[in-house]
Every structure is written in structure tokens, then in C-alpha cells.
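Raw work25.pdb, PDB, C-alpha atoms:
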```
ATOM      1  CA  MET W  19     -51.827  -3.383  96.297
ATOM      2  CA  TYR W  20     -51.539  -2.940  92.542
ATOM      3  CA  ARG W  21     -51.563   0.863  92.892
ATOM      4  CA  ILE W  22     -48.737   0.763  95.466
ATOM      5  CA  LYS W  23     -46.647  -1.461  93.203
ATOM      6  CA  LEU W  24     -47.268   0.812  90.239
ATOM      7  CA  ASN W  25     -46.250   3.937  92.186
ATOM      8  CA  PHE W  26     -43.087   2.208  93.389
ATOM      9  CA  GLU W  27     -42.121   1.247  89.823
ATOM     10  CA  LEU W  28     -42.713   4.811  88.609
ATOM     11  CA  PHE W  29     -40.585   6.165  91.460
ATOM     12  CA  PHE W  30     -37.818   3.659  90.715
ATOM     13  CA  ASN W  31     -37.821   4.389  86.959
ATOM     14  CA  ALA W  32     -37.782   8.166  87.523
ATOM     15  CA  ASN W  33     -34.842   7.975  89.913
ATOM     16  CA  THR W  34     -32.984   5.601  87.608
ATOM     17  CA  LEU W  35     -33.439   7.989  84.698
ATOM     18  CA  LEU W  36     -32.272  10.929  86.822
ATOM     19  CA  PHE W  37     -29.208   8.957  87.923
ATOM     20  CA  ILE W  38     -28.317   8.123  84.298
ATOM     21  CA  ILE W  39     -28.659  11.781  83.263
ATOM     22  CA  VAL W  40     -26.400  12.936  86.115
ATOM     23  CA  ILE W  41     -23.748  10.339  85.232
ATOM     24  CA  ALA W  42     -23.874  11.335  81.549
ATOM     25  CA  LEU W  43     -23.457  15.035  82.358
ATOM     26  CA  CYS W  44     -20.537  14.312  84.662
ATOM     27  CA  ARG W  45     -18.892  12.189  81.985
ATOM     28  CA  LEU W  46     -19.429  14.886  79.367
ATOM     29  CA  ALA W  47     -17.897  17.492  81.642
ATOM     30  CA  SER W  48     -14.888  15.320  82.335
ATOM     31  CA  THR W  49     -14.200  14.573  78.659
ATOM     32  CA  THR W  50     -14.523  18.077  77.224
ATOM     33  CA  THR W  51     -11.941  20.070  79.117
ATOM     34  CA  SER W  52      -9.522  18.812  81.735
ATOM     35  CA  GLU W  53      -8.252  21.732  83.781
ATOM     36  CA  ASN W  54      -5.741  21.441  86.593
ATOM     37  CA  PRO W  55      -5.632  24.465  88.909
ATOM     38  CA  ASP W  56      -1.902  23.858  89.437
ATOM     39  CA  GLU W  57      -1.186  24.032  85.674
ATOM     40  CA  PRO W  58      -1.532  27.190  83.510
ATOM     41  CA  PHE W  59      -2.899  25.237  80.560
ATOM     42  CA  VAL W  60      -5.886  23.037  79.737
ATOM     43  CA  GLN W  61      -6.204  19.681  78.017
ATOM     44  CA  TYR W  62      -8.568  19.468  75.060
ATOM     45  CA  ASP W  63     -10.274  16.653  73.259
ATOM     46  CA  ARG W  64     -11.804  17.147  69.820
ATOM     47  CA  VAL W  65     -15.048  18.708  71.065
ATOM     48  CA  SER W  66     -13.491  21.101  73.558
ATOM     49  CA  PHE W  67     -10.814  22.067  71.023
ATOM     50  CA  GLU W  68     -13.453  23.344  68.594
ATOM     51  CA  LYS W  69     -15.073  25.282  71.413
ATOM     52  CA  GLY W  70     -11.747  26.723  72.566
ATOM     53  CA  LEU W  71     -10.845  27.723  69.009
ATOM     54  CA  SER W  72     -14.039  29.752  68.750
ATOM     55  CA  GLN W  73     -13.582  31.360  72.157
ATOM     56  CA  HIS W  74      -9.906  32.385  72.060
ATOM     57  CA  ALA W  75      -8.399  34.763  69.503
ATOM     58  CA  GLN W  76      -4.939  33.311  70.224
ATOM     59  CA  LEU W  77      -4.655  29.632  71.040
ATOM     60  CA  VAL W  78      -1.315  27.826  71.399
ATOM     61  CA  LEU W  79      -1.597  24.041  71.140
ATOM     62  CA  LEU W  80       0.893  21.363  72.066
ATOM     63  CA  PHE W  81       0.122  18.129  70.232
ATOM     64  CA  GLU W  82       1.107  15.027  72.166
ATOM     65  CA  GLY W  83       0.792  11.318  71.529
ATOM     66  CA  PRO W  84       0.529   8.086  73.511
ATOM     67  CA  ASN W  85       3.732   6.692  75.032
ATOM     68  CA  CYS W  86       5.648   9.814  74.019
ATOM     69  CA  GLU W  87       8.581  10.291  76.391
ATOM     70  CA  ALA W  88       9.697  13.445  74.569
ATOM     71  CA  CYS W  89       6.242  14.928  75.227
ATOM     72  CA  LEU W  90       6.546  14.246  78.954
ATOM     73  CA  ASP W  91      10.061  15.694  79.037
ATOM     74  CA  PHE W  92       8.831  18.861  77.312
ATOM     75  CA  ARG W  93       6.043  19.423  79.859
ATOM     76  CA  VAL W  94       8.378  21.466  82.116
ATOM     77  CA  GLU W  95       9.194  23.904  79.299
ATOM     78  CA  TRP W  96       5.540  23.978  78.262
ATOM     79  CA  GLN W  97       4.385  24.861  81.763
ATOM     80  CA  ARG W  98       6.880  27.698  81.876
ATOM     81  CA  LEU W  99       5.731  28.924  78.475
ATOM     82  CA  ALA W 100       2.101  28.803  79.538
ATOM     83  CA  GLN W 101       2.863  30.795  82.682
ATOM     84  CA  GLU W 102       5.031  33.515  81.164
ATOM     85  CA  GLY W 103       3.728  33.510  77.598
ATOM     86  CA  SER W 104       0.181  34.263  78.746
ATOM     87  CA  ASP W 105       1.091  37.313  80.843
ATOM     88  CA  GLY W 106      -0.347  40.496  79.381
ATOM     89  CA  SER W 107      -1.698  38.754  76.276
ATOM     90  CA  GLU W 108      -4.764  36.918  75.026
ATOM     91  CA  ARG W 109      -2.871  33.685  74.489
ATOM     92  CA  LYS W 110      -4.445  30.508  75.797
ATOM     93  CA  PHE W 111      -2.233  27.433  76.112
ATOM     94  CA  ALA W 112      -3.597  23.904  75.764
ATOM     95  CA  ILE W 113      -2.581  20.302  75.116
ATOM     96  CA  VAL W 114      -4.266  18.035  72.549
ATOM     97  CA  SER W 115      -3.725  14.287  72.266
ATOM     98  CA  ASP W 116      -6.430  13.599  69.696
ATOM     99  CA  GLY W 117      -4.959  12.040  66.560
ATOM    100  CA  LEU W 118      -7.831  13.228  64.347
ATOM    101  CA  VAL W 119      -7.263  16.851  65.307
ATOM    102  CA  ALA W 120      -3.530  16.402  64.692
ATOM    103  CA  ALA W 121      -4.141  14.945  61.206
ATOM    104  CA  GLU W 122      -6.612  17.705  60.392
ATOM    105  CA  TYR W 123      -3.885  20.329  60.836
ATOM    106  CA  GLY W 124      -1.033  18.405  59.270
ATOM    107  CA  VAL W 125       0.747  17.344  62.468
ATOM    108  CA  ILE W 126       2.863  14.290  61.619
ATOM    109  CA  SER W 127       5.091  14.027  64.712
ATOM    110  CA  VAL W 128       4.921  14.829  68.412
ATOM    111  CA  PRO W 129       5.514  16.942  70.330
ATOM    112  CA  THR W 130       4.476  19.674  67.875
ATOM    113  CA  ILE W 131       3.302  23.238  68.512
ATOM    114  CA  VAL W 132       0.635  24.963  66.409
ATOM    115  CA  TYR W 133      -0.332  28.582  67.107
ATOM    116  CA  PHE W 134      -3.835  29.736  66.110
ATOM    117  CA  ARG W 135      -4.341  33.458  65.465
ATOM    118  CA  ASP W 136      -8.016  34.209  64.756
ATOM    119  CA  THR W 137      -8.405  30.504  63.799
ATOM    120  CA  ILE W 138      -5.471  30.730  61.309
ATOM    121  CA  PRO W 139      -2.811  28.170  62.349
ATOM    122  CA  ILE W 140       0.945  28.386  61.976
ATOM    123  CA  LEU W 141       3.272  25.438  62.505
ATOM    124  CA  TYR W 142       6.356  25.751  64.707
ATOM    125  CA  ASN W 143       9.344  23.735  63.527
ATOM    126  CA  GLY W 144      12.253  25.316  65.384
ATOM    127  CA  GLY W 145      14.182  24.326  68.480
ATOM    128  CA  MET W 146      12.157  23.169  71.479
ATOM    129  CA  SER W 147      13.711  25.584  73.965
ATOM    130  CA  TYR W 148      11.700  28.042  76.027
ATOM    131  CA  GLU W 149      13.533  31.083  74.623
ATOM    132  CA  SER W 150      13.133  30.052  70.968
ATOM    133  CA  ILE W 151       9.431  29.287  71.242
ATOM    134  CA  LEU W 152       8.585  32.432  73.222
ATOM    135  CA  ALA W 153      10.392  34.652  70.702
ATOM    136  CA  TRP W 154       8.533  32.882  67.886
ATOM    137  CA  LEU W 155       5.169  33.468  69.590
ATOM    138  CA  TYR W 156       5.797  37.201  69.816
ATOM    139  CA  GLU W 157       6.976  37.272  66.195
ATOM    140  CA  THR W 158       4.015  35.382  64.734
ATOM    141  CA  HIS W 159       1.093  36.820  66.695
ATOM    142  CA  GLN W 160      -0.649  37.887  63.460
ATOM    143  CA  PRO W 161      -1.289  35.936  60.218
ATOM    144  CA  PHE W 162       1.145  36.653  57.370
ATOM    145  CA  SER W 163      -0.742  35.447  54.307
ATOM    146  CA  ARG W 164      -3.647  37.582  53.106
ATOM    147  CA  ASP W 165      -6.820  36.541  51.297
ATOM    148  CA  LEU W 166      -7.255  37.771  47.721
ATOM    149  CA  THR W 167     -10.397  37.764  45.573
ATOM    150  CA  ASP W 168     -11.473  38.351  41.970
ATOM    151  CA  GLU W 169     -11.867  42.036  42.814
ATOM    152  CA  THR W 170      -8.626  42.613  44.750
ATOM    153  CA  PHE W 171      -6.055  40.347  43.088
ATOM    154  CA  GLU W 172      -4.833  42.484  40.190
ATOM    155  CA  HIS W 173      -5.066  45.749  42.115
ATOM    156  CA  LEU W 174      -2.799  44.413  44.891
ATOM    157  CA  THR W 175      -0.418  42.186  42.930
ATOM    158  CA  GLN W 176      -0.059  44.036  39.599
ATOM    159  CA  SER W 177       0.898  40.601  38.296
ATOM    160  CA  ALA W 178       0.210  41.246  34.602
ATOM    161  CA  SER W 179       1.939  44.636  34.487
ATOM    162  CA  GLY W 180       5.305  43.514  35.869
ATOM    163  CA  ALA W 181       4.683  42.984  39.582
ATOM    164  CA  THR W 182       5.428  46.503  40.799
ATOM    165  CA  THR W 183       4.303  45.425  44.270
ATOM    166  CA  GLY W 184       6.899  42.643  44.376
ATOM    167  CA  ASP W 185       6.776  38.889  43.926
ATOM    168  CA  TRP W 186       3.707  36.976  45.100
ATOM    169  CA  PHE W 187       3.596  33.339  46.174
ATOM    170  CA  VAL W 188      -0.051  32.251  46.071
ATOM    171  CA  PHE W 189      -1.811  29.254  47.596
ATOM    172  CA  PHE W 190      -4.954  28.272  45.638
ATOM    173  CA  THR W 191      -7.356  26.440  47.893
ATOM    174  CA  ARG W 192     -10.997  25.460  48.267
ATOM    175  CA  ASP W 193     -13.239  25.138  51.331
ATOM    176  CA  SER W 194     -14.063  21.517  50.525
ATOM    177  CA  CYS W 195     -10.366  20.533  50.184
ATOM    178  CA  ARG W 196      -9.289  18.657  53.340
ATOM    179  CA  GLN W 197      -5.661  18.528  52.273
ATOM    180  CA  CYS W 198      -5.665  22.313  51.883
ATOM    181  CA  LYS W 199      -6.743  22.658  55.504
ATOM    182  CA  SER W 200      -3.975  20.337  56.671
ATOM    183  CA  ILE W 201      -1.405  22.417  54.744
ATOM    184  CA  LEU W 202      -2.583  25.776  56.100
ATOM    185  CA  ALA W 203      -0.337  25.700  59.192
ATOM    186  CA  VAL W 204       2.641  24.806  56.972
ATOM    187  CA  TRP W 205       1.712  27.601  54.541
ATOM    188  CA  GLU W 206       1.712  30.187  57.329
ATOM    189  CA  ASN W 207       5.155  28.980  58.388
ATOM    190  CA  VAL W 208       6.382  29.421  54.803
ATOM    191  CA  SER W 209       4.802  32.893  54.678
ATOM    192  CA  HIS W 210       6.649  33.819  57.868
ATOM    193  CA  ARG W 211       9.965  32.601  56.476
ATOM    194  CA  ILE W 212       9.804  34.488  53.173
ATOM    195  CA  ARG W 213       7.959  37.580  54.423
ATOM    196  CA  LEU W 214      10.955  39.885  53.859
ATOM    197  CA  SER W 215      11.486  38.882  50.221
ATOM    198  CA  MET W 216       7.958  38.466  48.847
ATOM    199  CA  ASN W 217       4.232  38.593  49.537
ATOM    200  CA  THR W 218       2.028  35.576  50.136
ATOM    201  CA  ALA W 219      -1.699  35.104  49.654
ATOM    202  CA  ARG W 220      -4.509  32.568  49.651
ATOM    203  CA  ILE W 221      -7.252  32.363  47.037
ATOM    204  CA  ASP W 222     -10.388  30.264  47.451
ATOM    205  CA  ILE W 223     -11.188  29.226  43.885
ATOM    206  CA  GLY W 224     -14.635  28.075  44.979
ATOM    207  CA  ASN W 225     -15.589  31.711  45.532
ATOM    208  CA  ASN W 226     -13.334  33.315  42.901
ATOM    209  CA  ASP W 227     -14.058  31.580  39.635
ATOM    210  CA  ARG W 228     -12.589  34.340  37.435
ATOM    211  CA  LEU W 229      -9.145  33.793  38.939
ATOM    212  CA  ARG W 230      -9.559  30.016  38.652
ATOM    213  CA  GLN W 231     -10.256  30.353  34.927
ATOM    214  CA  ARG W 232      -7.646  33.034  34.340
ATOM    215  CA  PHE W 233      -4.798  30.955  35.778
ATOM    216  CA  ALA W 234      -6.208  27.535  34.766
ATOM    217  CA  ILE W 235      -6.286  26.158  38.325
ATOM    218  CA  ASN W 236      -7.755  22.676  37.889
ATOM    219  CA  ARG W 237      -6.953  21.160  41.286
ATOM    220  CA  THR W 238      -6.307  22.075  44.883
ATOM    221  CA  PRO W 239      -3.971  22.524  46.570
ATOM    222  CA  SER W 240      -2.039  24.486  43.940
ATOM    223  CA  PHE W 241       0.833  26.933  44.387
ATOM    224  CA  VAL W 242       1.932  29.583  41.885
ATOM    225  CA  LEU W 243       4.751  32.130  42.081
ATOM    226  CA  PHE W 244       4.074  35.427  40.273
ATOM    227  CA  ARG W 245       7.317  37.195  39.369
ATOM    228  CA  HIS W 246       7.996  40.052  36.913
ATOM    229  CA  GLY W 247       4.960  39.373  34.729
ATOM    230  CA  PHE W 248       5.469  35.604  34.622
ATOM    231  CA  MET W 249       3.977  32.759  36.637
ATOM    232  CA  TYR W 250       5.697  29.569  37.812
ATOM    233  CA  ARG W 251       3.722  26.554  38.971
ATOM    234  CA  TYR W 252       4.831  24.376  41.881
ATOM    235  CA  GLY W 253       4.803  20.854  40.460
ATOM    236  CA  LEU W 254       5.811  18.636  43.384
ATOM    237  CA  ASN W 255       3.465  16.628  45.590
ATOM    238  CA  LYS W 256       5.502  17.520  48.688
ATOM    239  CA  TYR W 257       3.859  20.160  50.853
ATOM    240  CA  ASP W 258       6.351  20.572  53.676
ATOM    241  CA  VAL W 259       7.905  23.836  54.850
ATOM    242  CA  ASN W 260      11.328  23.308  53.284
ATOM    243  CA  SER W 261      10.044  22.221  49.859
ATOM    244  CA  LEU W 262       7.676  25.170  49.480
ATOM    245  CA  THR W 263      10.209  27.662  50.830
ATOM    246  CA  ASN W 264      12.964  26.417  48.526
ATOM    247  CA  PHE W 265      10.662  26.684  45.516
ATOM    248  CA  ALA W 266       9.730  30.278  46.340
ATOM    249  CA  GLU W 267      13.333  31.298  46.904
ATOM    250  CA  SER W 268      15.182  29.540  44.079
ATOM    251  CA  PHE W 269      13.694  26.330  42.658
ATOM    252  CA  TRP W 270      11.105  28.282  40.652
ATOM    253  CA  ARG W 271      13.856  28.594  38.030
ATOM    254  CA  ASN W 272      13.365  24.901  37.229
ATOM    255  CA  SER W 273       9.703  25.465  36.316
ATOM    256  CA  ALA W 274       8.364  26.625  32.967
ATOM    257  CA  SER W 275       7.751  30.368  32.785
ATOM    258  CA  ILE W 276       4.239  31.303  31.673
ATOM    259  CA  LYS W 277       3.245  34.827  30.731
ATOM    260  CA  VAL W 278       0.636  36.067  33.195
ATOM    261  CA  PRO W 279      -2.721  36.260  31.346
ATOM    262  CA  ILE W 280      -4.160  39.762  31.153
ATOM    263  CA  GLU W 281      -7.224  40.333  33.304
ATOM    264  CA  GLN W 282     -10.361  40.062  31.226
ATOM    265  CA  THR W 283     -12.698  43.024  30.786
ATOM    266  CA  PRO W 284     -16.444  42.595  31.447
ATOM    267  CA  PHE W 285     -16.972  42.417  27.654
ATOM    268  CA  ASP W 286     -14.304  39.694  27.350
ATOM    269  CA  ARG W 287     -16.000  37.681  30.097
ATOM    270  CA  LEU W 288     -19.377  38.085  28.377
ATOM    271  CA  THR W 289     -18.090  36.895  24.997
ATOM    272  CA  GLN W 290     -16.261  33.993  26.676
ATOM    273  CA  GLN W 291     -19.418  33.005  28.517
ATOM    274  CA  ILE W 292     -21.394  33.101  25.276
ATOM    275  CA  SER W 293     -18.718  31.023  23.567
ATOM    276  CA  GLN W 294     -18.725  28.479  26.386
ATOM    277  CA  THR W 295     -22.530  28.301  26.309
ATOM    278  CA  ILE W 296     -22.500  27.728  22.574
ATOM    279  CA  GLY W 297     -19.781  25.107  22.997
ATOM    280  CA  SER W 298     -21.885  23.291  25.578
ATOM    281  CA  TYR W 299     -24.800  23.017  23.139
ATOM    282  CA  ILE W 300     -22.815  22.624  19.914
ATOM    283  CA  TYR W 301     -24.204  19.159  19.110
ATOM    284  CA  LEU W 302     -27.755  20.331  19.724
ATOM    285  CA  ILE W 303     -27.166  23.314  17.466
ATOM    286  CA  ILE W 304     -25.793  21.055  14.721
ATOM    287  CA  ILE W 305     -28.798  18.732  14.983
ATOM    288  CA  ILE W 306     -31.226  21.679  14.808
ATOM    289  CA  PHE W 307     -29.333  23.090  11.816
ATOM    290  CA  ILE W 308     -29.483  19.737   9.994
ATOM    291  CA  LEU W 309     -33.206  19.408  10.735
ATOM    292  CA  LEU W 310     -33.773  22.955   9.506
ATOM    293  CA  ILE W 311     -31.924  22.215   6.255
ATOM    294  CA  GLY W 312     -33.972  19.043   5.916
ATOM    295  CA  VAL W 313     -37.237  20.928   6.375
ATOM    296  CA  ILE W 314     -36.209  23.544   3.792
ATOM    297  CA  LEU W 315     -35.197  20.877   1.259
ATOM    298  CA  TYR W 316     -38.425  18.978   1.864
ATOM    299  CA  TYR W 317     -40.424  22.174   1.382
ATOM    300  CA  GLN W 318     -38.568  22.956  -1.838
ATOM    301  CA  CYS W 319     -39.147  19.438  -3.152
ATOM    302  CA  CYS W 320     -42.834  19.583  -2.354
ATOM    303  CA  ARG W 321     -43.143  22.998  -3.993
ATOM    304  CA  SER W 322     -41.259  21.849  -7.092
ATOM    305  CA  HIS W 323     -43.416  18.748  -7.314
ATOM    306  CA  ALA W 324     -46.603  20.820  -7.030
ATOM    307  CA  THR W 325     -45.389  23.243  -9.742
ATOM    308  CA  ASN W 326     -44.607  20.382 -12.137
ATOM    309  CA  LYS W 327     -47.991  18.840 -11.511
ATOM    310  CA  LEU W 328     -49.751  22.121 -12.366
ATOM    311  CA  LYS W 329     -47.797  22.412 -15.606
ATOM    312  CA  GLU W 330     -48.772  18.905 -16.641
ATOM    313  CA  GLU W 331     -52.453  19.713 -16.065
TER
END
```
How would this structure read if it were set down as C-alpha cells?
Amino acid sequence: MYRIKLNFELFFNANTLLFIIVIALCRLASTTTSENPDEPFVQYDRVSFEKGLSQHAQLVLLFEGPNCEACLDFRVEWQRLAQEGSDGSERKFAIVSDGLVAAEYGVISVPTIVYFRDTIPILYNGGMSYESILAWLYETHQPFSRDLTDETFEHLTQSASGATTGDWFVFFTRDSCRQCKSILAVWENVSHRIRLSMNTARIDIGNNDRLRQRFAINRTPSFVLFRHGFMYRYGLNKYDVNSLTNFAESFWRNSASIKVPIEQTPFDRLTQQISQTIGSYIYLIIIIFILLIGVILYYQCCRSHATNKLKEE
């Protein structure tokens, strides 16, 4: 009787566990990607968004919010865009309602469209008509801002020699800077707007310390315009499209002009490193020097005392 009861409990527990696992898998599947066969787009949550971003070279996202009537009204245009904008291209259209994802990419109102090209986002802030958005998608299918490094910066910009390659508007960032990530979509929009009048670039100061030191970049995000051998720092705490664009086009005149520092030679960097090392241990060096002087004086005193003692004898 005991054995039968034990077998029954094992059978019940095993089936209960199996049932829980099945329910959990079904719930996971339903919360990652919601796909309607009648709609040419998918709905992402945070988890499925990250997966979709890694799977699709071109991902067009519509950010929506709760109780957003404008979002619902725009669904007709969005469905048309998803149908015709995907034809003959790699574009994948999706909807995201997750507020954390929206904040991560600087989305402050809904509905808002962000277009990811090889994980690089660009913010759309034009009219919400089908024709305007479709034309913008074709125009912005590749990133505009390039990445520069310690090795490539001076060769490409010629910033210290008079900017023979044109003006450069540069975004100094760092991988650990969350605000920099939220500005990236705005920065690409700015790069698109000013692409005909100047170049734009990003520099990760975490991996390019020579440029960080050369231009005295002490915080991120930072923006600097390089123009005709001079540099102009963006001093506002507003990082919207219009503010950054206006600075690049005209408001730079209100900033102090700073002569672009000449790129250091390997010997210059070595002497600077030695100087910085010495500066870091300056107090220790002073203490050692004082102790050394003390030892020498003590030795001289002892020697003088011994000499006098011998003379007296």
C-alpha cells in the first residue's frame, strides 16, 4: 500500500512539473515576439528587441505608448510602410511599447520612429506621412557618422594643418556612458542634416586616450567642431537635433576659438609620460631626497666628530 502511494505521488509530481514547464515555455514564447500573419510587422518587448537587433541589419522601429490615440491612428500608415518599405530590401519593421527601450535610445514622445542600420540608430523627426517617411528610409539606409581613432584622426581630418578635408563635427563618447547611447540616434540625425556642409565622427575616448588627452576631453558626452585649424566646444546641456545642428552651422561663433593642439610625436608622448609619472610620485621623491640629505649630513657630522676625537688623542 505504501509503495502504491509513493508511486502515485511521484507520478503526480512529475506531471505537475512537466505542466509548469510547458506553461512557462508558452508564456515565454508569447512575450518575446508577437507576430500577426495579417500584419507585415512584429511587436517586440525588450528581450525580443535585442534579439531582433542582432538578427536584422536594417530594423525600423515604431515606438508606441499606453493610451496613445496618435499611435493607433498612425497604424494604417505604418502597415503600408511595412508592406511597401520591405519590398526588395532587408528592412524589418516592428513596434515597441517598452518604456525602458525607448529611454535607452532617447525617445521622449510617441509615436516615434528609429531606424537601425547595423545597430546604429537614427531618429526620424519629420512629418508622419507615408511619402515622407519612405523617402527618408531610402535616404538614410547607411550610417553617416564614422568612427575615428588615435591612428586615423589626424590623417582623415587634417585638423591641425588647416582642415584641408573640410570641417569636422565630432562626438566624444565612451562605452560606459548611458547618456551617450541615448544621444546616438539624435547624433545620426544631425549627421544626416549637415552631411553636405561638413563631416561628422564619433570617438570613443575609452579606447583612444591620446585624443582624450590632446583635446582635454574630461567628460562625456562632449561635442567639438574642428574648423580651419581651430576647435570650438559645444557648451550647452541640450542634446536635441536642433540645438546641435544650429551649433554646427552657426552658433559655433559664440564659442571661444582654441588653436588645435599639434599631434604629439612618440618622443613627446614618452617625455610627457615620464613627466606625469614623476608628478605622480613627486612627494615621495621629495621625502627620499630629504632623507638622503639627512643621511649625508649625519655621515659628515659623524666623520667630523671622529676626526676631532683623533686629533685630541
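What separates CA of His246 (chain W) from CA of Leu262 (chain W) is a distance of 19.5 Å.
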Point-to-point distance in Å for CA of Thr158 (chain W) and CA of Thr183 (chain W): 22.8 Å
Separation of CA of Gln76 (chain W) from CA of Arg64 (chain W) in Å: 17.6 Å
Residues matched by the PyMOL selection byres ((chain W and resi 175) around 10) as JSON, numbers by chain: {"W": [166, 170, 171, 172, 173, 174, 176, 177, 178, 179, 180, 181, 182, 183, 184, 185, 186, 217, 219, 244, 245]}
Nearest to Gln231 (chain W), chosen from W:Cys320, W:Asp168, W:Phe111, W:Ala153, with all atoms listed in the file counted in the distances: W:Asp168
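Within 12 Å of the point (4.5, 14.9, 63.7), counting only C-alpha atoms, the protein and nucleic acid residues come to Leu80, Phe81, Glu82, Gly83, Cys86, Cys89, Ser115, Gly117, Ala120, Ala121, Glu122, Tyr123, Gly124, Val125, Ile126, Ser127, Val128, Pro129, Thr130, Ile131, Val132, Leu141, Tyr142, Asn143 and Asp258 of chain W.
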Please report as a Markdown table every residue of region 219-320 of chain W lying within 8 Å of region 187-202 of chain W, along with the nearest atom pair and their distance in Å (one decimal), using all atoms listed in the file.
```
| residue | atom | partner | partner_atom | distance |
| --- | --- | --- | --- | --- |
| W:Ala219 | CA | W:Val188 | CA | 4.9 |
| W:Arg220 | CA | W:Phe189 | CA | 4.7 |
| W:Ile221 | CA | W:Phe190 | CA | 4.9 |
| W:Asp222 | CA | W:Thr191 | CA | 4.9 |
| W:Ile223 | CA | W:Arg192 | CA | 5.8 |
| W:Gly224 | CA | W:Arg192 | CA | 5.6 |
| W:Ile235 | CA | W:Phe190 | CA | 7.7 |
| W:Thr238 | CA | W:Thr191 | CA | 5.4 |
| W:Pro239 | CA | W:Thr191 | CA | 5.3 |
| W:Ser240 | CA | W:Phe190 | CA | 5.1 |
| W:Phe241 | CA | W:Phe189 | CA | 4.8 |
| W:Val242 | CA | W:Val188 | CA | 5.3 |
| W:Leu243 | CA | W:Phe187 | CA | 4.4 |
| W:Phe244 | CA | W:Phe187 | CA | 6.3 |
| W:Tyr257 | CA | W:Ile201 | CA | 6.9 |
| W:Ala266 | CA | W:Phe187 | CA | 6.9 |
```
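The residue that comes closest to Val119 (chain W), out of W:Trp270, W:Tyr299, W:Phe265, W:Phe67 and on the basis of all atoms listed in the file, is W:Phe67.
Among the candidates W:Glu149, W:Glu95, W:Asp63, W:Glu87, the residue lying nearest to Ile113 (chain W) is W:Asp63 (atoms considered: only C-alpha atoms).
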Test item: the PyMOL selection byres ((chain W and resi 140) around 6) resolved as a ChimeraX atom specification: /W:132-133,139,141,203,206-207
Generate the output file for the selected residues, C-alpha atoms, as a short mmCIF file (atom, residue, chain, number, x, y, z; two decimals), keeping the file's coordinate frame.
```
data_model
loop_
_atom_site.label_atom_id
_atom_site.label_comp_id
_atom_site.auth_asym_id
_atom_site.auth_seq_id
_atom_site.Cartn_x
_atom_site.Cartn_y
_atom_site.Cartn_z
CA VAL W 132 0.64 24.96 66.41
CA TYR W 133 -0.33 28.58 67.11
CA PRO W 139 -2.81 28.17 62.35
CA LEU W 141 3.27 25.44 62.50
CA ALA W 203 -0.34 25.70 59.19
CA GLU W 206 1.71 30.19 57.33
CA ASN W 207 5.16 28.98 58.39
#
```
Pro279 (chain W) environment, 9 Å, only C-alpha atoms, sequence neighbours closer than 2 positions dropped, as a ChimeraX atom specification: /W:177-178,232-233,247-248,276-277,281-282
Take the residues just selected and output them with C-alpha atoms as an mmCIF file, keeping the file's coordinate frame.
```
data_model
loop_
_atom_site.group_PDB
_atom_site.id
_atom_site.type_symbol
_atom_site.label_atom_id
_atom_site.label_comp_id
_atom_site.auth_asym_id
_atom_site.auth_seq_id
_atom_site.Cartn_x
_atom_site.Cartn_y
_atom_site.Cartn_z
ATOM 1 C CA SER W 177 0.898 40.601 38.296
ATOM 2 C CA ALA W 178 0.210 41.246 34.602
ATOM 3 C CA ARG W 232 -7.646 33.034 34.340
ATOM 4 C CA PHE W 233 -4.798 30.955 35.778
ATOM 5 C CA GLY W 247 4.960 39.373 34.729
ATOM 6 C CA PHE W 248 5.469 35.604 34.622
ATOM 7 C CA ILE W 276 4.239 31.303 31.673
ATOM 8 C CA LYS W 277 3.245 34.827 30.731
ATOM 9 C CA GLU W 281 -7.224 40.333 33.304
ATOM 10 C CA GLN W 282 -10.361 40.062 31.226
#
```
Closest of W:Phe59, W:Tyr316, W:Phe162, W:Phe134 to Ala112 (chain W) - atom-to-atom distances counting only C-alpha atoms: W:Phe59
What lies within 8 Å of Ser273 (chain W) using only C-alpha atoms, ignoring chain neighbours under 2 positions off, as a compact mmCIF listing (two decimals) with C-alpha atoms, in the coordinates of the input?
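Written file, result.txt:
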```txt
# COMPACT_ATOMS: atom_id res chain seq x y z
CA TYR W 250 5.70 29.57 37.81
CA ARG W 251 3.72 26.55 38.97
CA TYR W 252 4.83 24.38 41.88
CA GLY W 253 4.80 20.85 40.46
CA PHE W 269 13.69 26.33 42.66
CA TRP W 270 11.10 28.28 40.65
CA ARG W 271 13.86 28.59 38.03
CA SER W 275 7.75 30.37 32.78
```
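When all atoms listed in the file are used to measure the gap to Ser268 (chain W), the shortest distance among W:Gln73, W:Ser215, W:Asn236, W:Gln318 belongs to W:Ser215.
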Selection: 10 Å around Gly103 (chain W), only C-alpha atoms, excl. self and same-chain fewer than 2 positions, as a ChimeraX atom specification: /W:78,96-101,105-111,148,151-153,155-156
